[in-house]
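> This structure is in structure tokens; I'll ask about it shortly.
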Amino acid sequence: MRNIWTIAQREVKAYFTGPVGYVVMSCWILFAGLIFYLILGSPSASADMEPLFRNCTILLIMVLPLLTMRLLAGERGGDQGVGTIELLLTSPITEWQLVLGKYLASMLYMCSLVLVSGIYAVAFRVLGKPDVGKIIGGYVGFLFFSGYVLALGLFFSSLTNSQIVAAVTTIVSSLALWLISFFKDNPSKSLQFLAWFSMLGHHEDFWRGVISLQEVVWYCSAIYFLLFASKLMVASSRWR
Amino acid sequence: MAQEMNPKSPKSPALILGIVAGAVAVIALVALAYIKMQNLPFNKGRDIGLLAVAIVGALTWAICNKDELLRVGGSRGMAMNVNAFGTLLAVFGILLMVNYWIVPRQFGDKKLDLTAGKYYSLSTQTKNIVKTIKSDNPVELFALVPMDRYSQISPDTARSLELNKKRLEEYKRLNPNLTVTTLDPYVSKRATEVAKESGLTALPSAGCLLRFKKDPKAVESVPSLDESQITRSLSKLLDDKGKKRKVYFLTGHGEVAMAGPAGQQQQQDPLASDSQNLAQLKQALTDDRFEVVELPMAKEIPADCTVLATVGAKAPFAKAELDTMRKYLQNNGRLFAVLDPSSKSNLADLLKEYGIEWQTGMVEDQALSVQEPSFFYATNLGSHPIVNDLKKSRLVAVFNRTGSFKQGTVPTEMEYSSLVTSSPTSAVTGGPKGPFDLVAAVGKRAPVVDPKDDKKAPDTKTELGTRIVAVGTPWFLTLPIAGGQVANSLIATDAVNWLSDNTKDMGIRPKNPWDDEKDRKIEMTKAKLNKVMLFTFLLPLLLCIGAGIAMSVARSRR
């Protein structure tokens with residue numbers, strides 16, 4: 001556990017001492033703020049965070065890969081990375097500790113983004129009468145969704161030496177996983193099964209203010225699977 | 001010199017056979033995938049044949065490339081890759097099984113509904129009713145959704161349909177003796193069979209159909225997929241053979257008519273008093289399995305009377321009639337009394353004996369008025385079984401030209417409850433200021449039940465005693481507008497249900513998460529918007545950029 005925490009601390013520090021953390025945070029505030037402005041400025045504005053959550057999930061797909069692209073690809077040394085993977089693999093830490101440490105760091109950074117977005121909830125509370133339960137559900141879903149995209153980003157970062165390739169593949173695959181949800185209403189059972197893998201279909205309940213065990217287990221399983229695959233990819237560096 | 005065939009030669013028969021077998025296996029697999037994607041019906045000969053061809057082809061390819069496979073598979077890297085891939089596949093399989101099979105079936109109903117109105121959870125009444133379906137007499141629910149028109153409907157309707165589909169899944173999870181099937185009434189062959197089995201010419205185009213599996217002719221047709229309607233119909237289906245409850249409406253004192261003249265529509269102007277009738281209430285009570293009967297005069301109240309109702313009597317009751325009603329109430333009777341502030345009815349004298357004091361002055365509320373001060377909203381619902389669920393849904397009541405009540409001397413063992421109260425801004429013309437009780441009830445005080453005590457709650461009429469619900473205006477029951485956030489008709493039907501001890505049908509209300517959108521509306525001015533954007537957008541953005549620049553400068557100095 002200590003090793004995981006040490007790696008996480010190092011990575012969180014790297015986010016806030018380098019430009020990436022500030023660029024990502026600025027992008028987040030800029031675009032989320034614009035969405036918030038558009039929602040408030042519309043004639044049918046209501047104290048409901050659902051439209052903000054819905055639009056911000058697309059924003060997360062674009063922004064979060066910028067956080068994960070350097071986590072493992074950077075360690076391999078491509079695209080101005082530090083190239084310390086050999087050092088890490090020969091040090092007394094396991095592949096799991098490495099992967100979990102990196103993932104924990106990105107989640108901690110993500111929590112800071114969620115905290116910043118809390119000002120929108122406060123603004124809604126001041127301006128109207130929002131359904132607080134719905135806001136809580138939305139934020140819980142936000143964390144699960146981010147956790148999923150970060151795990152996917154970490155996996156793609158473990159596959160390649162290039163940070164750019166890692167970021168682009170994460171964005172493309174996240175969008176693809178997002179879009180397959182449109183097969184949900186297709187009469188074909190196979191396409192419906194395919195749509196089940198989309199995170200969008202598993203996210204609707206959170207937006208509505210419902211935390212369902214089924215969806216929580218789905219997100220936890222997906223995150224576990226992606227982290228496990230990342231761990232295997234790191235382990236494969238030993239024999240490749 | 002005998003010519004030896006080189007196994008790696010491009011002309012080697014084994015190599016050609018391997019390529020052909022591999023190609024055939026791939027084609028067979030693609031064909032199987034295509035059949036599955038197109039959702040074609042299962043054909044034993046074709047499908048198993050294709051699978052066999054794919055397996056034989058793959059095996060032949062493997063045998064033909066045996067040496068190569070052994071060489072590649074024998075390397076350490078390959079073995080570890082295969083091992084890793086196998087592990088990943090196994091983990092994927094386990095997670096898929098857990099998520100697709102175990103959790104939805106075993107824990108599908110475990111959820112936390114955080115919404116204020118619990119819009120995404122079935123009500124306790126629904127759960128109780130569904131749980132009474134027995135294994136020896138299972139019930140079938142057919143949800144009728146025209147799939148081909150699904151893409152043509154508006155986003156709001158699609159949203160409602162999605163929500164209703166989720167609710168139906170919850171019905172299904174509550175009791176295995178209730179099966180839920182979604183059918184397209186236009187194209188599904190099963191829909192035609194269902195209609196035929198139930199003796200119907202065709203199924204309705206929307207809503208759902210409830211029937212007993214063993215007795216398909218016992219059918220309840222539900223016009224929509226709304227929870228309140230499904231549950232009421234289910235309750236009706238299960239209880240159809242039960243004892244009919246009778247509500248007697250007194251007539252002969254200028255009471256509001258049960259129905260308008262034939263062919264005449266109810267007044268659309270909510271303030272118009274003439275031509276108002278109780279047709280809507282009668283329909284709602286009939287839907288709740290009450291038999292509504294008119295009673296010309298209360299010389300004698302029939303023994304099968306579950307609830308006695310008098311709505312807006314304009315003329316006073318004769319002394320003998322009041323005595324009959326008094327005797328009826330003393331004998332654990334149930335009275336639904338709707339008074340008219342513009343009449344001189346002496347019913348108030350009877351109510352006073354039970355602690356409900358009538359105040360004749362007309363209540364007005366300027367702050368919550370709809371069109372004029374005497375036509376207003378009352379948003380304060382009290383704490384009573386009749387209104388508890390409605391209060392949770394933040395429903396309101398509408399009143400017009402109403403009198404009010406106050407608590408008088410209540411008989412011992414009975415308690416007075418205010419169900420709907422006007423706001424503190426209300427007032428009686430030239431009289432005192434509000435709040436005023438607009439709907440009130442008296443009933444036996446609920447016994448304090450020790451949780452450790454196994455003793456059952458009272459369940460007989462004698463134990464529950466006399467009950468009265470009083471309303472300050474007949475207009476309350478004749479409101480032509482229904483639905484949305486207005487709870488008038490729900491309060492009226494639940495009052496009759498409470499009076500008749502029929503608690504299982506109480507509080508089932510239409511739940512629509514979009515109903516409270518009006519409450520959440522934000523009125524934004526430009527100045528307000530600018531202020532909000534300054535604090536939520538500009539300041540945080542400038543702070544973040546500033547912090548980034550400061551960090552960058554600090555790093556470059558180091």
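As shown in the structure tokens, the chain order sets the letters A, B, ...; within each chain, residues go from 1, and ligands are also counted from 1 in the order they appear.
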Contacts from chain B to chain A, 7 Å maximum, only C-alpha atoms: show me the residue list as number ranges by chain.

B: 36-39, 77, 84, 88, 92, 95, 99, 103-104, 108, 110-116, 520-522, 533, 536-537, 541, 544-545, 548, 551

> I need the residues from that last selection saved to file as a CSV table (one decimal), in the first residue's frame (with N, CA, C and O atoms), if you can.


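Okay, this is what ended up in again.csv:
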```csv
chain,number,residue,atom,x,y,z
B,36,LYS,N,-26.6,-14.3,-36.9
B,36,LYS,CA,-26.9,-13.8,-35.6
B,36,LYS,C,-27.2,-12.3,-35.6
B,36,LYS,O,-28.2,-11.9,-34.9
B,37,MET,N,-26.4,-11.6,-36.4
B,37,MET,CA,-26.6,-10.1,-36.5
B,37,MET,C,-28.0,-9.8,-37.1
B,37,MET,O,-28.7,-8.8,-36.7
B,38,GLN,N,-28.4,-10.6,-38.0
B,38,GLN,CA,-29.7,-10.3,-38.7
B,38,GLN,C,-30.9,-10.9,-37.9
B,38,GLN,O,-32.0,-10.7,-38.3
B,39,ASN,N,-30.5,-11.5,-36.8
B,39,ASN,CA,-31.6,-12.1,-35.9
B,39,ASN,C,-32.5,-13.1,-36.7
B,39,ASN,O,-33.7,-13.1,-36.5
B,77,GLY,N,8.5,-16.5,-25.0
B,77,GLY,CA,7.7,-15.2,-25.1
B,77,GLY,C,6.2,-15.6,-25.5
B,77,GLY,O,5.3,-15.0,-25.0
B,84,ALA,N,-0.9,-14.9,-20.7
B,84,ALA,CA,-1.5,-13.6,-20.3
B,84,ALA,C,-2.9,-13.5,-21.0
B,84,ALA,O,-3.8,-13.0,-20.4
B,88,LEU,N,-6.5,-13.1,-19.2
B,88,LEU,CA,-7.3,-11.9,-19.5
B,88,LEU,C,-8.7,-12.4,-20.0
B,88,LEU,O,-9.8,-11.8,-19.6
B,92,PHE,N,-12.3,-11.7,-18.2
B,92,PHE,CA,-13.3,-11.1,-19.0
B,92,PHE,C,-14.6,-12.0,-18.8
B,92,PHE,O,-15.7,-11.5,-18.6
B,95,LEU,N,-16.2,-11.7,-15.3
B,95,LEU,CA,-16.8,-10.4,-15.1
B,95,LEU,C,-18.1,-10.3,-16.0
B,95,LEU,O,-19.1,-9.8,-15.5
B,99,ASN,N,-21.8,-9.7,-14.4
B,99,ASN,CA,-22.5,-8.5,-14.8
B,99,ASN,C,-23.8,-8.7,-15.7
B,99,ASN,O,-24.7,-8.0,-15.6
B,103,VAL,N,-25.7,-10.5,-11.4
B,103,VAL,CA,-26.1,-9.3,-10.7
B,103,VAL,C,-27.5,-8.8,-11.1
B,103,VAL,O,-28.4,-8.6,-10.3
B,104,PRO,N,-27.8,-8.7,-12.5
B,104,PRO,CA,-29.2,-8.3,-12.8
B,104,PRO,C,-30.3,-9.2,-12.3
B,104,PRO,O,-31.4,-8.7,-12.0
B,108,GLY,N,-30.8,-7.1,-9.1
B,108,GLY,CA,-31.3,-6.1,-10.0
B,108,GLY,C,-32.1,-5.0,-9.3
B,108,GLY,O,-32.2,-3.8,-9.8
B,110,LYS,N,-31.7,-3.8,-6.3
B,110,LYS,CA,-31.0,-3.1,-5.2
B,110,LYS,C,-30.5,-1.7,-5.8
B,110,LYS,O,-29.6,-1.7,-6.6
B,111,LYS,N,-31.1,-0.7,-5.3
B,111,LYS,CA,-30.7,0.7,-5.8
B,111,LYS,C,-31.1,1.7,-4.8
B,111,LYS,O,-32.0,1.5,-3.9
B,112,LEU,N,-30.5,2.9,-4.9
B,112,LEU,CA,-30.7,4.0,-4.0
B,112,LEU,C,-31.3,5.1,-4.8
B,112,LEU,O,-30.7,5.7,-5.7
B,113,ASP,N,-32.6,5.3,-4.6
B,113,ASP,CA,-33.3,6.4,-5.4
B,113,ASP,C,-33.2,7.7,-4.6
B,113,ASP,O,-33.8,7.9,-3.5
B,114,LEU,N,-32.3,8.6,-5.0
B,114,LEU,CA,-32.0,9.8,-4.3
B,114,LEU,C,-32.9,11.0,-4.7
B,114,LEU,O,-32.8,12.0,-4.1
B,115,THR,N,-33.8,10.8,-5.6
B,115,THR,CA,-34.7,11.9,-6.1
B,115,THR,C,-35.7,12.3,-5.0
B,115,THR,O,-36.1,11.4,-4.2
B,116,ALA,N,-36.1,13.5,-5.0
B,116,ALA,CA,-36.9,14.0,-3.9
B,116,ALA,C,-38.3,13.3,-3.9
B,116,ALA,O,-38.8,13.0,-2.9
B,520,ARG,N,-38.4,24.0,-10.5
B,520,ARG,CA,-37.0,24.2,-10.6
B,520,ARG,C,-36.6,25.4,-11.6
B,520,ARG,O,-35.5,25.6,-11.8
B,521,LYS,N,-37.6,26.0,-12.1
B,521,LYS,CA,-37.4,27.0,-13.1
B,521,LYS,C,-36.6,28.2,-12.5
B,521,LYS,O,-36.8,28.6,-11.3
B,522,ILE,N,-35.6,28.7,-13.2
B,522,ILE,CA,-34.8,29.8,-12.8
B,522,ILE,C,-35.1,31.0,-13.6
B,522,ILE,O,-35.1,30.9,-14.8
B,533,MET,N,-21.6,34.3,-13.7
B,533,MET,CA,-20.4,33.9,-14.6
B,533,MET,C,-19.1,34.4,-14.1
B,533,MET,O,-18.1,33.8,-14.2
B,536,THR,N,-18.4,31.9,-11.2
B,536,THR,CA,-18.2,30.4,-11.6
B,536,THR,C,-17.3,30.2,-12.8
B,536,THR,O,-16.9,29.1,-13.1
B,537,PHE,N,-17.0,31.2,-13.5
B,537,PHE,CA,-16.3,31.0,-14.8
B,537,PHE,C,-15.0,31.9,-14.8
B,537,PHE,O,-13.9,31.3,-14.8
B,541,LEU,N,-11.2,30.5,-13.7
B,541,LEU,CA,-10.3,30.4,-14.8
B,541,LEU,C,-9.0,31.2,-14.7
B,541,LEU,O,-7.9,30.7,-14.9
B,544,CYS,N,-6.7,29.7,-12.1
B,544,CYS,CA,-6.0,28.5,-12.5
B,544,CYS,C,-4.9,28.9,-13.5
B,544,CYS,O,-3.7,28.4,-13.3
B,545,ILE,N,-5.1,29.8,-14.4
B,545,ILE,CA,-4.1,30.2,-15.3
B,545,ILE,C,-3.0,30.9,-14.6
B,545,ILE,O,-1.8,30.7,-14.8
B,548,GLY,N,-0.8,28.4,-12.8
B,548,GLY,CA,0.0,27.7,-13.8
B,548,GLY,C,1.2,28.6,-14.2
B,548,GLY,O,2.4,28.1,-14.2
B,551,MET,N,3.7,28.8,-11.3
B,551,MET,CA,4.4,27.5,-11.2
B,551,MET,C,5.5,27.5,-12.2
B,551,MET,O,6.7,27.1,-11.9
```

> Smallest atom-to-atom distance to B:Pro146: which of B:Asp184, B:Asp304, B:Asp226, B:Asp389, using only C-alpha atoms?

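Once distances to B:Pro146 are computed over only C-alpha atoms, the minimum belongs to B:Asp184.
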
> Tell me, which residues of stretch 209-412 of chain B carry DSSP strand (DSSP E or B), written as an NGL selection string?

:B and (209-212 or 219-222 or 245-250 or 257 or 277 or 290-295 or 305-311 or 334-338 or 356-359 or 363-364 or 369 or 375-378 or 380-381 or 396-400 or 404-407)

> Enumerate as a PyMOL selection string all residues of stretch 4-152 of chain A assigned to alpha helix (DSSP H) by DSSP on the backbone, naming them with the chain letters and numbers the document uses.

chain A and resi 4-17+19-41+50-63+65-68+73-76+85-90+95-127+132-152

> Store the residues of this selection in a file with C-alpha atoms, as a compact mmCIF listing (two decimals), in the first residue's frame.


```txt
# COMPACT_ATOMS: atom_id res chain seq x y z
CA ILE A 4 1.11 2.61 -4.26
CA TRP A 5 0.80 5.79 -2.22
CA THR A 6 4.43 6.81 -2.98
CA ILE A 7 3.86 6.40 -6.72
CA ALA A 8 0.53 8.24 -6.52
CA GLN A 9 2.08 11.12 -4.59
CA ARG A 10 4.86 11.44 -7.13
CA GLU A 11 2.41 11.52 -10.01
CA VAL A 12 0.04 14.02 -8.36
CA LYS A 13 3.03 16.27 -7.69
CA ALA A 14 4.02 15.92 -11.35
CA TYR A 15 0.53 17.07 -12.40
CA PHE A 16 0.75 20.23 -10.33
CA THR A 17 4.40 21.07 -10.97
CA PRO A 19 1.97 22.31 -17.31
CA VAL A 20 -0.39 19.34 -17.91
CA GLY A 21 -2.35 19.75 -14.69
CA TYR A 22 -2.98 23.45 -15.25
CA VAL A 23 -3.81 23.07 -18.95
CA VAL A 24 -6.32 20.31 -18.21
CA MET A 25 -7.85 22.27 -15.33
CA SER A 26 -8.09 25.44 -17.44
CA CYS A 27 -9.71 23.52 -20.33
CA TRP A 28 -12.16 21.99 -17.88
CA ILE A 29 -13.14 25.32 -16.30
CA LEU A 30 -13.35 27.02 -19.70
CA PHE A 31 -15.59 24.47 -21.41
CA ALA A 32 -17.65 23.40 -18.40
CA GLY A 33 -18.16 27.09 -17.61
CA LEU A 34 -19.32 27.76 -21.16
CA ILE A 35 -21.79 24.87 -20.98
CA PHE A 36 -23.04 26.19 -17.63
CA TYR A 37 -23.41 29.67 -19.13
CA LEU A 38 -25.40 28.32 -22.08
CA ILE A 39 -27.68 26.34 -19.77
CA LEU A 40 -28.33 29.32 -17.51
CA GLY A 41 -28.81 31.67 -20.44
CA GLU A 50 -28.54 16.79 -15.57
CA PRO A 51 -27.87 18.79 -18.80
CA LEU A 52 -24.52 19.91 -17.38
CA PHE A 53 -23.56 16.35 -16.42
CA ARG A 54 -24.60 15.05 -19.83
CA ASN A 55 -22.50 17.58 -21.73
CA CYS A 56 -19.55 17.37 -19.39
CA THR A 57 -19.15 13.64 -19.93
CA ILE A 58 -18.20 14.35 -23.56
CA LEU A 59 -15.81 16.97 -22.25
CA LEU A 60 -14.27 14.37 -19.93
CA ILE A 61 -13.67 12.02 -22.87
CA MET A 62 -11.64 14.79 -24.52
CA VAL A 63 -9.80 15.99 -21.43
CA PRO A 65 -6.77 11.16 -21.91
CA LEU A 66 -4.42 14.15 -21.54
CA LEU A 67 -3.89 13.04 -17.95
CA THR A 68 -3.32 9.36 -18.63
CA ALA A 73 3.88 5.58 -22.19
CA GLY A 74 6.02 8.34 -20.66
CA GLU A 75 7.88 5.80 -18.54
CA ARG A 76 8.90 3.97 -21.74
CA ILE A 85 10.29 1.68 -17.04
CA GLU A 86 13.38 -0.59 -16.71
CA LEU A 87 14.25 1.07 -13.42
CA LEU A 88 10.70 0.65 -12.16
CA LEU A 89 10.52 -3.00 -13.21
CA THR A 90 13.77 -3.83 -11.45
CA GLU A 95 3.19 -4.41 -11.55
CA TRP A 96 -0.06 -4.03 -9.62
CA GLN A 97 1.46 -1.42 -7.33
CA LEU A 98 2.77 0.51 -10.32
CA VAL A 99 -0.57 0.44 -12.15
CA LEU A 100 -2.67 1.21 -9.07
CA GLY A 101 -0.34 4.03 -7.99
CA LYS A 102 -0.62 5.68 -11.39
CA TYR A 103 -4.38 5.16 -11.48
CA LEU A 104 -4.86 6.52 -7.97
CA ALA A 105 -2.92 9.66 -8.91
CA SER A 106 -5.10 10.31 -11.93
CA MET A 107 -8.24 9.72 -9.83
CA LEU A 108 -7.02 12.15 -7.18
CA TYR A 109 -6.43 14.76 -9.85
CA MET A 110 -9.89 14.01 -11.24
CA CYS A 111 -11.38 14.64 -7.81
CA SER A 112 -9.95 18.16 -7.95
CA LEU A 113 -11.85 18.69 -11.23
CA VAL A 114 -15.03 17.43 -9.56
CA LEU A 115 -14.44 19.78 -6.64
CA VAL A 116 -14.09 22.73 -9.01
CA SER A 117 -17.36 21.77 -10.72
CA GLY A 118 -18.99 21.92 -7.27
CA ILE A 119 -19.34 25.69 -7.76
CA TYR A 120 -22.03 24.99 -10.37
CA ALA A 121 -24.02 22.98 -7.82
CA VAL A 122 -23.64 25.83 -5.32
CA ALA A 123 -24.77 28.32 -7.97
CA PHE A 124 -27.86 26.23 -8.73
CA ARG A 125 -28.63 26.04 -5.00
CA VAL A 126 -28.40 29.82 -4.72
CA LEU A 127 -30.47 30.49 -7.86
CA VAL A 132 -30.07 17.61 -4.09
CA GLY A 133 -30.38 13.83 -4.37
CA LYS A 134 -30.15 14.08 -8.14
CA ILE A 135 -26.99 16.18 -7.85
CA ILE A 136 -25.38 13.64 -5.51
CA GLY A 137 -26.29 10.80 -7.89
CA GLY A 138 -24.88 12.77 -10.80
CA TYR A 139 -21.57 13.35 -9.02
CA VAL A 140 -21.24 9.70 -8.03
CA GLY A 141 -21.82 8.78 -11.67
CA PHE A 142 -19.30 11.39 -12.71
CA LEU A 143 -16.65 9.72 -10.57
CA PHE A 144 -17.42 6.26 -11.96
CA PHE A 145 -17.42 7.54 -15.52
CA SER A 146 -14.11 9.34 -15.02
CA GLY A 147 -12.69 6.24 -13.36
CA TYR A 148 -13.62 4.23 -16.44
CA VAL A 149 -12.09 6.69 -18.94
CA LEU A 150 -8.94 7.00 -16.82
CA ALA A 151 -8.57 3.19 -16.66
CA LEU A 152 -9.03 3.03 -20.45
```

> Can you tell me, as a list in words, what residues are no more than 7 Å from stretch 358-374 of chain B when counting only C-alpha atoms, ignoring any on the same chain fewer than 5 positions away?

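Surrounding residues, per the criterion: Pro341, Ala348, Asn400, Arg401, Thr402, Gly403, Ser404, Phe405, Lys406, Thr425, Ser426, Ala427, Val428 and Thr429 of chain B.
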
> Using only C-alpha atoms, which of B:Met414, B:Val91, B:Leu477, B:Ala527 sits nearest B:Leu464?

B:Met414

> So the first atom is atom CA of B:Pro13 and the second is atom CA of B:Val56; what is the distance between them in Å, to one decimal place?

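Computed distance, atom CA of B:Pro13 to atom CA of B:Val56, equals 17.5 Å.
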
> Would you mind reading off the distance between atom CA of A:Leu175 and atom CA of B:Lys165, one decimal, in Å?

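Pair atom CA of A:Leu175 / atom CA of B:Lys165 returns 26.7 Å.
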
> So that I can see what lies close to B:Leu183, please list as JSON, numbers by chain the residues with an atom at most 8 Å from it, counting only C-alpha atoms and leaving out residues fewer than 3 positions away in the same chain.

{"B": [142, 143, 144, 145, 146, 188, 190, 191]}

> Using Å and a single decimal, report how far atom CA of B:Val311 sits from atom CA of B:Arg334.

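Atom-to-atom, atom CA of B:Arg334 to atom CA of B:Val311, that is 14.2 Å.
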
> Let me make sure I understand: among B:Thr192, B:Thr231, B:Asn488, B:Thr473, which one has the smallest atom-to-atom distance to B:Leu339 if we use only C-alpha atoms?

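Among the listed residues, the smallest separation from B:Leu339 belongs to B:Thr473.
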